[in-house]
Every structure is written in structure tokens, then in C-alpha cells.
file work14.txt (compact mmCIF, C-alpha atoms)
# COMPACT_ATOMS: atom_id res chain seq x y z
CA MET A 1 -8.95 29.98 -35.15
CA GLY A 2 -6.52 27.45 -36.61
CA SER A 3 -3.55 29.63 -35.63
CA PHE A 4 -4.88 29.92 -32.07
CA ILE A 5 -5.20 26.14 -31.74
CA THR A 6 -1.73 25.67 -33.25
CA HIS A 7 -0.23 27.85 -30.53
CA ALA A 8 -2.57 26.87 -27.70
CA ILE A 9 -1.94 23.10 -27.78
CA PRO A 10 1.87 23.32 -27.40
CA THR A 11 1.38 25.91 -24.65
CA LEU A 12 -1.09 23.66 -22.83
CA PHE A 13 1.25 20.67 -23.01
CA ALA A 14 4.17 22.82 -21.89
CA LEU A 15 2.19 23.93 -18.84
CA LEU A 16 1.21 20.34 -18.04
CA ALA A 17 4.83 19.22 -18.45
CA ALA A 18 5.94 21.99 -16.09
CA ALA A 19 3.24 21.05 -13.57
CA SER A 20 4.17 17.37 -13.66
CA PHE A 21 7.87 18.21 -13.29
CA ALA A 22 7.19 20.53 -10.35
CA THR A 23 5.14 17.79 -8.69
CA LEU A 24 7.97 15.31 -9.24
CA LEU A 25 10.45 17.66 -7.55
CA TRP A 26 8.01 18.28 -4.69
CA GLN A 27 7.50 14.57 -4.02
CA TRP A 28 11.21 13.88 -4.34
CA GLY A 29 11.94 16.66 -1.88
CA MET A 30 9.35 15.40 0.63
CA ALA A 31 10.97 11.96 0.52
CA ALA A 32 14.47 13.39 0.91
CA LEU A 33 13.40 15.20 4.09
CA TYR A 34 11.49 12.27 5.59
CA PRO A 35 13.42 10.20 8.18
CA VAL A 36 12.60 6.87 6.59
CA HIS A 37 13.88 3.83 8.56
CA ARG A 38 14.70 5.99 11.60
CA ARG A 39 14.02 4.35 14.96
CA ALA A 40 12.66 6.22 17.97
CA ALA A 41 14.29 5.82 21.37
CA VAL A 42 11.86 3.74 23.45
CA SER A 43 12.25 3.67 27.22
CA ALA A 44 8.86 2.59 28.58
CA SER A 45 7.45 -0.92 28.37
CA GLY A 46 4.85 -1.40 25.67
CA PRO A 47 1.23 -2.44 26.20
CA PRO A 48 0.00 -6.00 25.58
CA VAL A 49 -0.57 -6.52 21.85
CA THR A 50 -2.54 -8.91 19.68
CA VAL A 51 -1.33 -9.37 16.09
CA LEU A 52 -4.02 -10.32 13.58
CA LYS A 53 -2.73 -12.12 10.46
CA PRO A 54 -5.36 -13.20 7.89
CA LEU A 55 -3.78 -15.80 5.58
CA LYS A 56 -4.68 -17.37 2.26
CA GLY A 57 -2.38 -19.71 0.37
CA ARG A 58 1.35 -20.10 0.60
CA GLU A 59 4.23 -18.63 -1.39
CA PRO A 60 7.94 -19.51 -1.18
CA GLN A 61 8.50 -16.41 0.98
CA THR A 62 5.58 -17.01 3.38
CA GLU A 63 7.64 -18.85 5.99
CA ALA A 64 10.19 -16.05 6.35
CA CYS A 65 7.40 -13.47 6.58
CA LEU A 66 5.52 -15.35 9.31
CA ARG A 67 8.70 -16.22 11.18
CA SER A 68 9.54 -12.51 11.49
CA TRP A 69 6.47 -12.08 13.71
CA PHE A 70 7.44 -15.00 15.94
CA GLU A 71 10.86 -13.40 16.42
CA GLN A 72 9.66 -10.02 17.64
CA GLU A 73 11.67 -8.64 20.55
CA TYR A 74 8.85 -7.16 22.57
CA ASP A 75 8.89 -6.61 26.32
CA ALA A 76 5.15 -7.06 26.94
CA PRO A 77 2.68 -9.89 26.22
CA ALA A 78 2.17 -10.40 22.48
CA GLN A 79 -0.49 -12.71 21.08
CA ILE A 80 -0.32 -13.75 17.41
CA LEU A 81 -3.48 -15.00 15.68
CA PHE A 82 -3.29 -16.54 12.21
CA GLY A 83 -6.63 -16.75 10.42
CA VAL A 84 -7.52 -19.09 7.55
CA ALA A 85 -10.88 -19.65 5.89
CA SER A 86 -10.41 -23.43 5.74
CA GLU A 87 -8.27 -26.11 7.36
CA ASP A 88 -7.43 -27.23 3.82
CA ASP A 89 -5.52 -24.01 3.11
CA PRO A 90 -1.93 -24.94 2.12
CA VAL A 91 -0.54 -22.45 4.64
CA CYS A 92 -1.91 -24.43 7.61
CA PRO A 93 0.89 -27.05 7.82
CA LEU A 94 3.47 -24.24 7.78
CA VAL A 95 1.74 -22.35 10.60
CA ARG A 96 1.44 -25.52 12.69
CA ARG A 97 5.15 -26.23 12.20
CA LEU A 98 6.05 -22.70 13.30
CA LEU A 99 3.83 -23.04 16.36
CA GLU A 100 5.82 -26.14 17.30
CA GLN A 101 9.15 -24.36 16.71
CA TYR A 102 8.18 -21.43 18.95
CA PRO A 103 6.39 -23.09 21.88
CA GLY A 104 6.99 -20.10 24.12
CA ARG A 105 5.01 -17.79 21.86
CA ASP A 106 1.34 -17.03 22.54
CA ALA A 107 0.25 -17.92 19.02
CA GLN A 108 -2.72 -19.74 17.52
CA LEU A 109 -4.12 -20.87 14.19
CA VAL A 110 -7.80 -19.92 13.92
CA VAL A 111 -10.15 -21.32 11.27
CA CYS A 112 -12.39 -18.41 10.24
CA GLY A 113 -15.03 -20.41 8.38
CA GLU A 114 -17.85 -17.88 8.52
CA LYS A 115 -18.39 -15.63 5.51
CA LEU A 116 -19.32 -12.31 7.10
CA GLY A 117 -18.98 -9.98 4.12
CA ALA A 118 -17.67 -9.60 0.59
CA ASN A 119 -14.18 -8.76 1.84
CA ALA A 120 -12.72 -12.13 2.91
CA LYS A 121 -9.81 -10.50 4.73
CA VAL A 122 -12.13 -8.42 6.91
CA SER A 123 -14.33 -11.45 7.48
CA SER A 124 -11.30 -13.19 8.98
CA LEU A 125 -10.43 -10.11 11.05
CA ILE A 126 -13.91 -10.09 12.60
CA GLN A 127 -13.47 -13.69 13.71
CA LEU A 128 -9.89 -13.20 14.88
CA GLN A 129 -10.92 -10.26 17.05
CA ARG A 130 -13.23 -12.57 18.99
CA VAL A 131 -10.15 -14.51 20.13
CA ALA A 132 -7.95 -11.44 20.73
CA ARG A 133 -7.17 -10.80 24.38
CA HIS A 134 -5.33 -7.50 24.35
CA GLY A 135 -6.26 -3.85 23.97
CA VAL A 136 -3.84 -2.97 21.16
CA LEU A 137 -4.40 -4.65 17.81
CA VAL A 138 -1.82 -4.89 15.04
CA ILE A 139 -3.21 -5.87 11.62
CA SER A 140 -0.75 -7.20 9.08
CA ASP A 141 -0.99 -8.68 5.60
CA ALA A 142 0.23 -12.22 5.02
CA ASP A 143 3.19 -11.28 2.81
CA VAL A 144 4.76 -8.80 5.25
CA LYS A 145 8.19 -9.34 6.76
CA VAL A 146 9.30 -6.97 9.53
CA ALA A 147 12.30 -6.16 11.70
CA ARG A 148 12.45 -7.50 15.25
CA ASP A 149 11.64 -4.15 16.87
CA PHE A 150 8.51 -3.50 14.80
CA LEU A 151 5.98 -4.03 17.61
CA THR A 152 8.08 -1.94 19.98
CA GLN A 153 8.23 0.98 17.58
CA LEU A 154 4.54 0.81 16.60
CA SER A 155 3.25 0.63 20.16
CA ALA A 156 5.45 3.56 21.22
CA ALA A 157 4.05 5.68 18.38
CA LEU A 158 0.49 4.70 19.23
CA ALA A 159 0.99 5.92 22.80
CA ALA A 160 1.29 9.56 21.67
CA PRO A 161 -1.69 11.77 22.62
CA GLY A 162 -4.57 11.80 20.16
CA VAL A 163 -3.19 9.04 17.95
CA GLY A 164 -5.83 6.60 16.75
CA LEU A 165 -3.83 4.57 14.24
CA VAL A 166 -0.20 4.05 13.32
CA ASN A 167 0.67 2.74 9.88
CA CYS A 168 3.89 2.52 7.94
CA LEU A 169 5.34 2.64 4.48
CA TYR A 170 5.90 -0.60 2.64
CA ALA A 171 8.21 -1.81 -0.08
CA LEU A 172 8.06 -4.53 -2.71
CA ALA A 173 11.12 -6.40 -1.49
CA ASN A 174 11.69 -8.92 -4.28
CA PRO A 175 10.84 -7.61 -7.76
CA ALA A 176 12.02 -10.81 -9.44
CA THR A 177 10.47 -10.39 -12.91
CA PRO A 178 10.37 -7.47 -15.40
CA ALA A 179 6.68 -7.00 -14.61
CA MET A 180 7.43 -6.79 -10.88
CA ARG A 181 10.19 -4.27 -11.54
CA TRP A 182 7.58 -2.14 -13.29
CA GLU A 183 5.38 -2.41 -10.20
CA ALA A 184 8.37 -1.69 -7.97
CA VAL A 185 8.60 1.80 -9.47
CA ALA A 186 4.93 2.34 -8.59
CA ILE A 187 5.39 1.15 -5.00
CA ASN A 188 9.02 1.77 -4.06
CA ALA A 189 9.37 5.15 -5.78
CA ASP A 190 6.05 6.82 -6.51
CA PHE A 191 3.56 5.63 -3.92
CA TRP A 192 5.46 6.50 -0.75
CA SER A 193 6.49 9.90 -2.06
CA GLN A 194 2.86 10.58 -3.00
CA VAL A 195 1.76 9.62 0.51
CA LEU A 196 4.29 12.09 1.93
CA GLN A 197 3.00 14.76 -0.44
CA SER A 198 -0.55 14.12 0.78
CA ARG A 199 0.71 14.28 4.37
CA ALA A 200 2.28 17.68 3.66
CA LEU A 201 -1.07 19.03 2.48
CA GLY A 202 -2.94 18.04 5.64
CA PRO A 203 -3.51 15.32 8.24
CA LEU A 204 -3.74 11.79 6.86
CA ASP A 205 -7.32 10.59 6.50
CA PHE A 206 -6.49 7.10 5.25
CA ALA A 207 -4.31 4.17 6.27
CA LEU A 208 -1.86 1.89 4.48
CA GLY A 209 -2.84 -1.70 5.06
CA ALA A 210 0.47 -3.57 5.16
CA VAL A 211 0.80 -3.02 8.94
CA MET A 212 -1.59 -0.98 11.10
CA ALA A 213 -1.74 -0.59 14.89
CA LEU A 214 -4.74 0.78 16.76
CA ARG A 215 -6.53 0.50 20.08
CA ARG A 216 -9.36 -1.95 20.38
CA GLU A 217 -11.58 0.66 22.01
CA SER A 218 -11.14 3.00 19.00
CA LEU A 219 -12.07 0.19 16.64
CA GLU A 220 -15.15 -0.73 18.62
CA ALA A 221 -16.25 2.90 18.89
CA MET A 222 -16.44 3.13 15.08
CA GLY A 223 -18.44 -0.11 14.83
CA GLY A 224 -15.66 -2.69 14.69
CA PHE A 225 -14.41 -4.56 11.66
CA THR A 226 -18.03 -5.37 10.77
CA VAL A 227 -18.57 -1.93 9.19
CA LEU A 228 -15.68 -2.65 6.80
CA ALA A 229 -16.80 -6.11 5.73
CA ASP A 230 -18.17 -5.15 2.31
CA TYR A 231 -15.56 -2.58 1.27
CA LEU A 232 -12.70 -3.14 -1.13
CA ALA A 233 -10.37 -0.57 0.48
CA ASP A 234 -10.75 -1.69 4.09
CA ASP A 235 -7.50 0.04 5.09
CA PHE A 236 -8.65 3.35 3.60
CA GLN A 237 -12.03 3.03 5.30
CA LEU A 238 -10.46 2.21 8.66
CA GLY A 239 -8.13 5.21 8.62
CA ASN A 240 -10.80 7.51 7.21
CA ARG A 241 -13.36 6.63 9.88
CA LEU A 242 -10.87 7.08 12.70
CA ALA A 243 -9.78 10.44 11.27
CA LYS A 244 -13.41 11.57 11.04
CA ALA A 245 -13.81 10.58 14.70
CA GLY A 246 -11.12 13.12 15.58
CA LEU A 247 -8.22 10.71 16.03
CA ARG A 248 -4.86 11.18 14.35
CA VAL A 249 -3.61 8.75 11.73
CA ILE A 250 0.18 8.90 11.78
CA LEU A 251 2.92 7.45 9.64
CA SER A 252 5.79 5.57 11.22
CA PRO A 253 9.23 5.88 9.56
CA LEU A 254 9.48 2.08 9.61
CA VAL A 255 9.22 0.19 6.33
CA ALA A 256 7.44 -3.14 6.06
CA GLU A 257 8.80 -5.50 3.41
CA CYS A 258 6.23 -7.17 1.16
CA TRP A 259 7.45 -10.43 -0.37
CA SER A 260 5.56 -11.86 -3.32
CA GLY A 261 5.87 -14.88 -5.52
CA PRO A 262 6.93 -14.30 -9.16
CA MET A 263 4.27 -12.36 -11.05
CA THR A 264 3.57 -12.13 -14.79
CA TRP A 265 2.69 -9.00 -16.72
CA ARG A 266 -0.99 -9.99 -16.61
CA GLN A 267 -0.93 -10.52 -12.85
CA VAL A 268 0.78 -7.19 -12.23
CA TRP A 269 -1.62 -5.46 -14.63
CA ASP A 270 -4.62 -6.88 -12.75
CA HIS A 271 -3.06 -5.83 -9.44
CA GLN A 272 -2.38 -2.30 -10.63
CA LEU A 273 -5.85 -1.99 -12.14
CA ARG A 274 -7.44 -3.15 -8.88
CA TRP A 275 -5.32 -0.64 -6.99
CA ALA A 276 -6.29 2.14 -9.43
CA ARG A 277 -10.00 1.38 -9.16
CA THR A 278 -9.68 1.20 -5.39
CA ILE A 279 -8.28 4.74 -5.31
CA ARG A 280 -10.78 5.92 -7.90
CA PHE A 281 -13.73 4.81 -5.78
CA SER A 282 -12.14 5.98 -2.52
CA LYS A 283 -10.98 9.43 -3.65
CA PRO A 284 -12.45 10.12 -7.10
CA LEU A 285 -11.45 13.79 -7.50
CA PRO A 286 -7.81 13.46 -6.38
CA TYR A 287 -7.54 10.34 -8.52
CA ALA A 288 -8.95 12.15 -11.57
CA LEU A 289 -6.42 14.96 -11.10
CA SER A 290 -3.53 12.57 -10.49
CA ILE A 291 -2.97 12.18 -14.23
CA ILE A 292 -1.61 15.74 -14.27
CA SER A 293 1.38 14.60 -12.23
CA ASN A 294 2.52 11.97 -14.76
CA PRO A 295 6.10 13.19 -15.39
CA THR A 296 6.63 11.33 -18.68
CA ILE A 297 3.51 11.62 -20.82
CA TRP A 298 3.18 15.41 -20.67
CA PRO A 299 6.78 16.18 -21.66
CA LEU A 300 6.43 13.68 -24.54
CA ALA A 301 3.11 15.27 -25.55
CA TRP A 302 4.82 18.68 -25.50
CA LEU A 303 7.58 17.34 -27.74
CA LEU A 304 5.06 15.95 -30.22
CA ALA A 305 3.23 19.29 -30.29
CA SER A 306 6.42 21.37 -30.54
CA PRO A 307 9.16 19.23 -32.11
CA ASP A 308 12.09 21.64 -32.06
CA SER A 309 15.59 21.13 -30.70
CA ARG A 310 15.24 23.49 -27.75
CA THR A 311 12.09 21.74 -26.55
CA ALA A 312 13.75 18.37 -27.08
CA TRP A 313 16.69 19.26 -24.81
CA ILE A 314 14.36 20.51 -22.05
CA ILE A 315 12.30 17.34 -22.27
CA LEU A 316 15.40 15.15 -22.26
CA GLY A 317 16.41 16.83 -19.00
CA MET A 318 12.92 16.27 -17.53
CA LEU A 319 12.94 12.59 -18.42
CA ALA A 320 16.45 12.12 -17.08
CA ALA A 321 15.36 13.75 -13.82
CA ARG A 322 12.36 11.44 -13.67
CA ALA A 323 14.55 8.37 -14.08
CA LEU A 324 17.06 9.63 -11.49
CA ALA A 325 14.30 10.49 -9.00
CA ALA A 326 12.78 7.01 -9.31
CA GLN A 327 16.18 5.43 -8.73
CA ASP A 328 16.91 7.59 -5.70
CA LEU A 329 13.44 7.11 -4.17
CA GLN A 330 13.77 3.35 -4.46
CA ARG A 331 17.27 3.50 -2.98
CA ARG A 332 15.96 5.40 0.04
CA LEU A 333 13.12 2.95 0.64
CA ILE A 334 14.83 -0.39 -0.04
CA ARG A 335 18.36 0.80 0.79
CA ARG A 336 19.95 -0.30 -2.45
CA TRP A 337 20.08 0.95 -6.04
CA PRO A 338 17.45 -0.88 -8.08
CA GLY A 339 18.92 -0.60 -11.57
CA THR A 340 16.75 -0.45 -14.74
CA PRO A 341 16.23 3.36 -14.74
CA TYR A 342 14.15 3.12 -17.94
CA MET A 343 11.43 1.33 -15.94
CA ALA A 344 10.25 4.66 -14.56
CA LEU A 345 9.41 5.90 -18.05
CA LEU A 346 7.72 2.62 -18.95
CA LYS A 347 5.75 2.74 -15.69
CA ASP A 348 4.44 6.22 -16.58
CA LEU A 349 3.38 5.15 -20.07
CA LEU A 350 1.62 2.07 -18.76
CA GLY A 351 0.25 4.18 -15.90
CA LEU A 352 -1.63 6.27 -18.46
CA ALA A 353 -3.21 3.10 -19.82
CA ILE A 354 -4.10 1.95 -16.30
CA TRP A 355 -5.62 5.36 -15.49
CA ILE A 356 -7.77 5.28 -18.64
CA CYS A 357 -8.88 1.68 -18.10
CA SER A 358 -9.77 2.38 -14.48
CA TRP A 359 -12.60 4.65 -15.62
CA PHE A 360 -14.08 2.06 -17.99
CA GLY A 361 -15.52 -0.67 -15.84
CA SER A 362 -15.90 -1.37 -12.16
CA GLN A 363 -14.71 -4.97 -11.87
CA VAL A 364 -11.62 -6.16 -10.01
CA GLN A 365 -10.00 -9.52 -9.28
CA TRP A 366 -8.99 -10.29 -5.73
CA ARG A 367 -8.15 -13.51 -3.88
CA GLY A 368 -9.40 -15.64 -6.76
CA THR A 369 -12.79 -13.92 -6.99
CA ARG A 370 -14.13 -11.34 -9.42
CA PHE A 371 -15.97 -8.40 -7.83
CA GLN A 372 -17.91 -5.40 -8.97
CA VAL A 373 -17.01 -2.23 -7.07
CA LEU A 374 -20.16 -0.27 -6.27
CA PRO A 375 -20.40 3.50 -5.74
CA GLY A 376 -18.81 4.33 -2.41
CA GLY A 377 -16.33 1.46 -2.68
CA LYS A 378 -18.46 -1.51 -1.60
CA LEU A 379 -18.02 -4.92 -3.23
CA ARG A 380 -20.41 -7.33 -4.89
CA ALA A 381 -19.05 -10.79 -5.62
CA LEU A 382 -19.54 -11.97 -9.23
CA GLY A 383 -17.94 -15.41 -8.99
CA ALA A 384 -14.64 -17.21 -9.09
CA VAL A 385 -11.98 -16.12 -11.57
CA THR A 386 -11.77 -18.59 -14.45
CA LYS A 387 -8.30 -19.41 -15.71

call {"tool": "encode", "arguments": {"input": "work14.txt", "output": "C-alpha cells"}}
result
Amino acid sequence: MGSFITHAIPTLFALLAAASFATLLWQWGMAALYPVHRRAAVSASGPPVTVLKPLKGREPQTEACLRSWFEQEYDAPAQILFGVASEDDPVCPLVRRLLEQYPGRDAQLVVCGEKLGANAKVSSLIQLQRVARHGVLVISDADVKVARDFLTQLSAALAAPGVGLVNCLYALANPATPAMRWEAVAINADFWSQVLQSRALGPLDFALGAVMALRRESLEAMGGFTVLADYLADDFQLGNRLAKAGLRVILSPLVAECWSGPMTWRQVWDHQLRWARTIRFSKPLPYALSIISNPTIWPLAWLLASPDSRTAWIILGMLAARALAAQDLQRRLIRRWPGTPYMALLKDLLGLAIWICSWFGSQVQWRGTRFQVLPGGKLRALGAVTK
């Protein structure tokens, strides 16, 4: 029995290392084939669009992000609605100043004072929709900065037959601290290649929330934003419900830039843990199996179980490939080499800790409030986060 275990454990870890390496190559290949950043030729005029921008607080990069929406080069009417929960929000003076600087834009600051669900973002979206005048809605997070042709490209993609929602990849544009560079590997290397892998396995049944475009009639047919008001993963729910209604959720090659203020290790840890628990409650089985694809821990486990020179050289090659893949994936998404190749290995080691912690507990921190995530992904507010 002891001899069997002695041989079985190294074999098991070797198989897991091989599986994780094959998955890495698959995701890397999917990204290499994907026409990221490619623009479509657009000849027809787009439909009238309303952009919904829920806001909370202000960061140094907020002005540039909001200004990018004022500077859209769009050949049809475009309404921009900025939603805040209170007139005392520090972002309000900035929005009012931008409204003065762009008097020709159909833009408005809307105070969304009603609390219509546990998800404050969706609560604002419900109230912004009441003011929206157009049949195509574009939902965008506060920290998103986009190119001037973004609305043109999104509306053209949405016009394709059977399409219910267009979303796009996103990148962490300014990883200014070591902790943010750790998160940049998760977002700028791993996440988008994993999305492409999922897309290769079948039609998308979820959406990425940085920027989403859909028709108002499709939204209202599924019950409107109100049905999302108590969910943590409102973007997942939105895409999933539209897919179940028989509409296609498609991915645009465009990349939205997410600009964040400097974040500490604790802030990034909380963000990653919230993200992990979001996925765990949204797709529990795929999330449980996702640990198999960790391309660092299984080769290291194999080395510990079989510490010979031949195994060590194989594992060294696997880890070097992991670091190179992360560098190349980030280069493709953000169009520059990121540096710090060791961060990919650190991200995988910390990713194991995040994965384990995500199963122990159901609380997350979001927008200054602590929530409990209930079965099915709904939220229950527990109170303000104490500092």
C-alpha cells in the first residue's frame, strides 16, 4: 500500500501539471488567434444611444475616464446620464464642470436617491433608465476610459441578427503598485484568455460589466434592471438571462481601459476575493474545477513529490512558459510589455490562497459596505465597512 501511494502521488501531480500546462497553451493560443483591438468597417449610421454611468466617489483618473465619453465621435444622437446616490458625492462638481465644458452634449447629472435593492449600482441604473430616451442602452462602469469610436463600434456589433448584448474585454490600465501588478496578471493576462477559452467551448452565457450595449426592448422583456437589483454579479445575470432568452451575447474586439487609484495589498486581496466569490456563486462547478488550470502550483507540487533533476528541468520549462505567456498576453491586451515576469508565478501562488478562502465564508466588501452572498448570488447587506 505504501509503495502504491509513493508512486501514485507523483503520478497524480504529474498529470495535474500536464493538464494545467495544456490549459495554459490552449488559452494562450486562443488569445493569439483573437483579433483584439481590431476595428470593424462601419458604413451605416448608428441608432440613437443612451449611456448609463453610475458613479460613486472620485479618483485622480475619473476626469479622464468621464471625458472620454463626452468626446465620442458618434454620428447619431447620444445621451449620457451620470447617476449618483447623493448630491454630496465628491464626483458631482467634476461632472457639473464637464457639463459646462461640453454644452453641445446631451448629458445630465441624475441624483438616484432611492435605494431599490442591495446592489447600489443597479439601483442607480433603474433610476437612470427612467430618464433614458433612446432604444439602445450602453452601461459603463465609472472607471472606464474608451477610444472615440467606442459607441460606433458597439452599436454596429449590436445590429447583427440575433445579438442581444455586446460586451468587450477590459484591461487594468495603470497598475501603479506591486499589489496592482499582481492583479494586472489576473486581469490583463489570465482573465481575457479564460473568457476566450469559454467562448471556444460554446456561446457566451454571461457578460463582462465594464461596458455593455443592449436594446432597451430586450432589457424590458427580461424584467428590466429591477430583476438584478439584489444580485452581486449583475453583469453575469444580465448576460445569462439574455442568453437563456435565445439572444446572442457577443464579444467585441475592443478593449476598455479601467483606471484605478493606487491600491494596497489588502485592497487588492479584498477585490480578488470578492471576484472569486462572485464566480463561485455564479458558476460553482466551473469555479471548483478552475484550480486544475493553475500552471504554477501543480508543477511545484510535482517537483516536491518527485525531486529529481529530470523533473526539475521539465518544471523549470513549464514555469518559464507560464511567465512568458503572461507577459505576451498582457502585451497583446495593453499593447506594451509589462515587465515583472515573476508576478505571474506569485499570482498563481496567491491565487491558490484566494481559491481556498473563497470557499470559507460568503462575505464580500463592495462600495464601502459588507455583504453576505446568499445561495444563487443574491446579496444581503450587513453594514458599513469599519476601517

call {"tool": "closest_residue", "arguments": {"input": "work14.txt", "among": "A:Ala210, A:Cys258, A:Leu349, A:Ile279", "to": "A:Pro175", "atoms": "only C-alpha atoms"}}
result
A:Cys258

call {"tool": "closest_residue", "arguments": {"input": "work14.txt", "among": "A:Arg148, A:His7, A:Arg181, A:Arg266", "to": "A:Gly339", "atoms": "only C-alpha atoms"}}
result
A:Arg181

call {"tool": "atom_distance", "arguments": {"input": "work14.txt", "atom1": "atom CA of A:Val144", "atom2": "atom CA of A:Gly377"}}
result
24.8 Å

call {"tool": "residues_around", "arguments": {"input": "work14.txt", "residues": "A:His271", "least_positions_apart": "6", "cutoff": "9 Å", "atoms": "only C-alpha atoms", "output": "count of residues only"}}
result
3

call {"tool": "closest_residue", "arguments": {"input": "work14.txt", "among": "A:Pro375, A:Gly164, A:Gly368, A:Pro295", "to": "A:Gly351", "atoms": "only C-alpha atoms"}}
result
A:Pro295

call {"tool": "closest_residue", "arguments": {"input": "work14.txt", "among": "A:Val268, A:Ala243, A:Ile126, A:Ala353", "to": "A:Glu220", "atoms": "only C-alpha atoms"}}
result
A:Ile126

call {"tool": "residues_around", "arguments": {"input": "work14.txt", "residues": "stretch 95-102 of chain A", "least_positions_apart": "4", "cutoff": "10 Å", "atoms": "all atoms listed in the file", "output": "ChimeraX atom specification"}}
result
/A:55,62-63,66-67,70-71,82,90-91,106-109

call {"tool": "atom_distance", "arguments": {"input": "work14.txt", "atom1": "atom CA of A:Pro307", "atom2": "atom CA of A:Ser293"}}
result
21.8 Å

call {"tool": "closest_residue", "arguments": {"input": "work14.txt", "among": "A:Val373, A:Cys112, A:Leu273, A:Leu125", "to": "A:Ser358", "atoms": "all atoms listed in the file"}}
result
A:Leu273
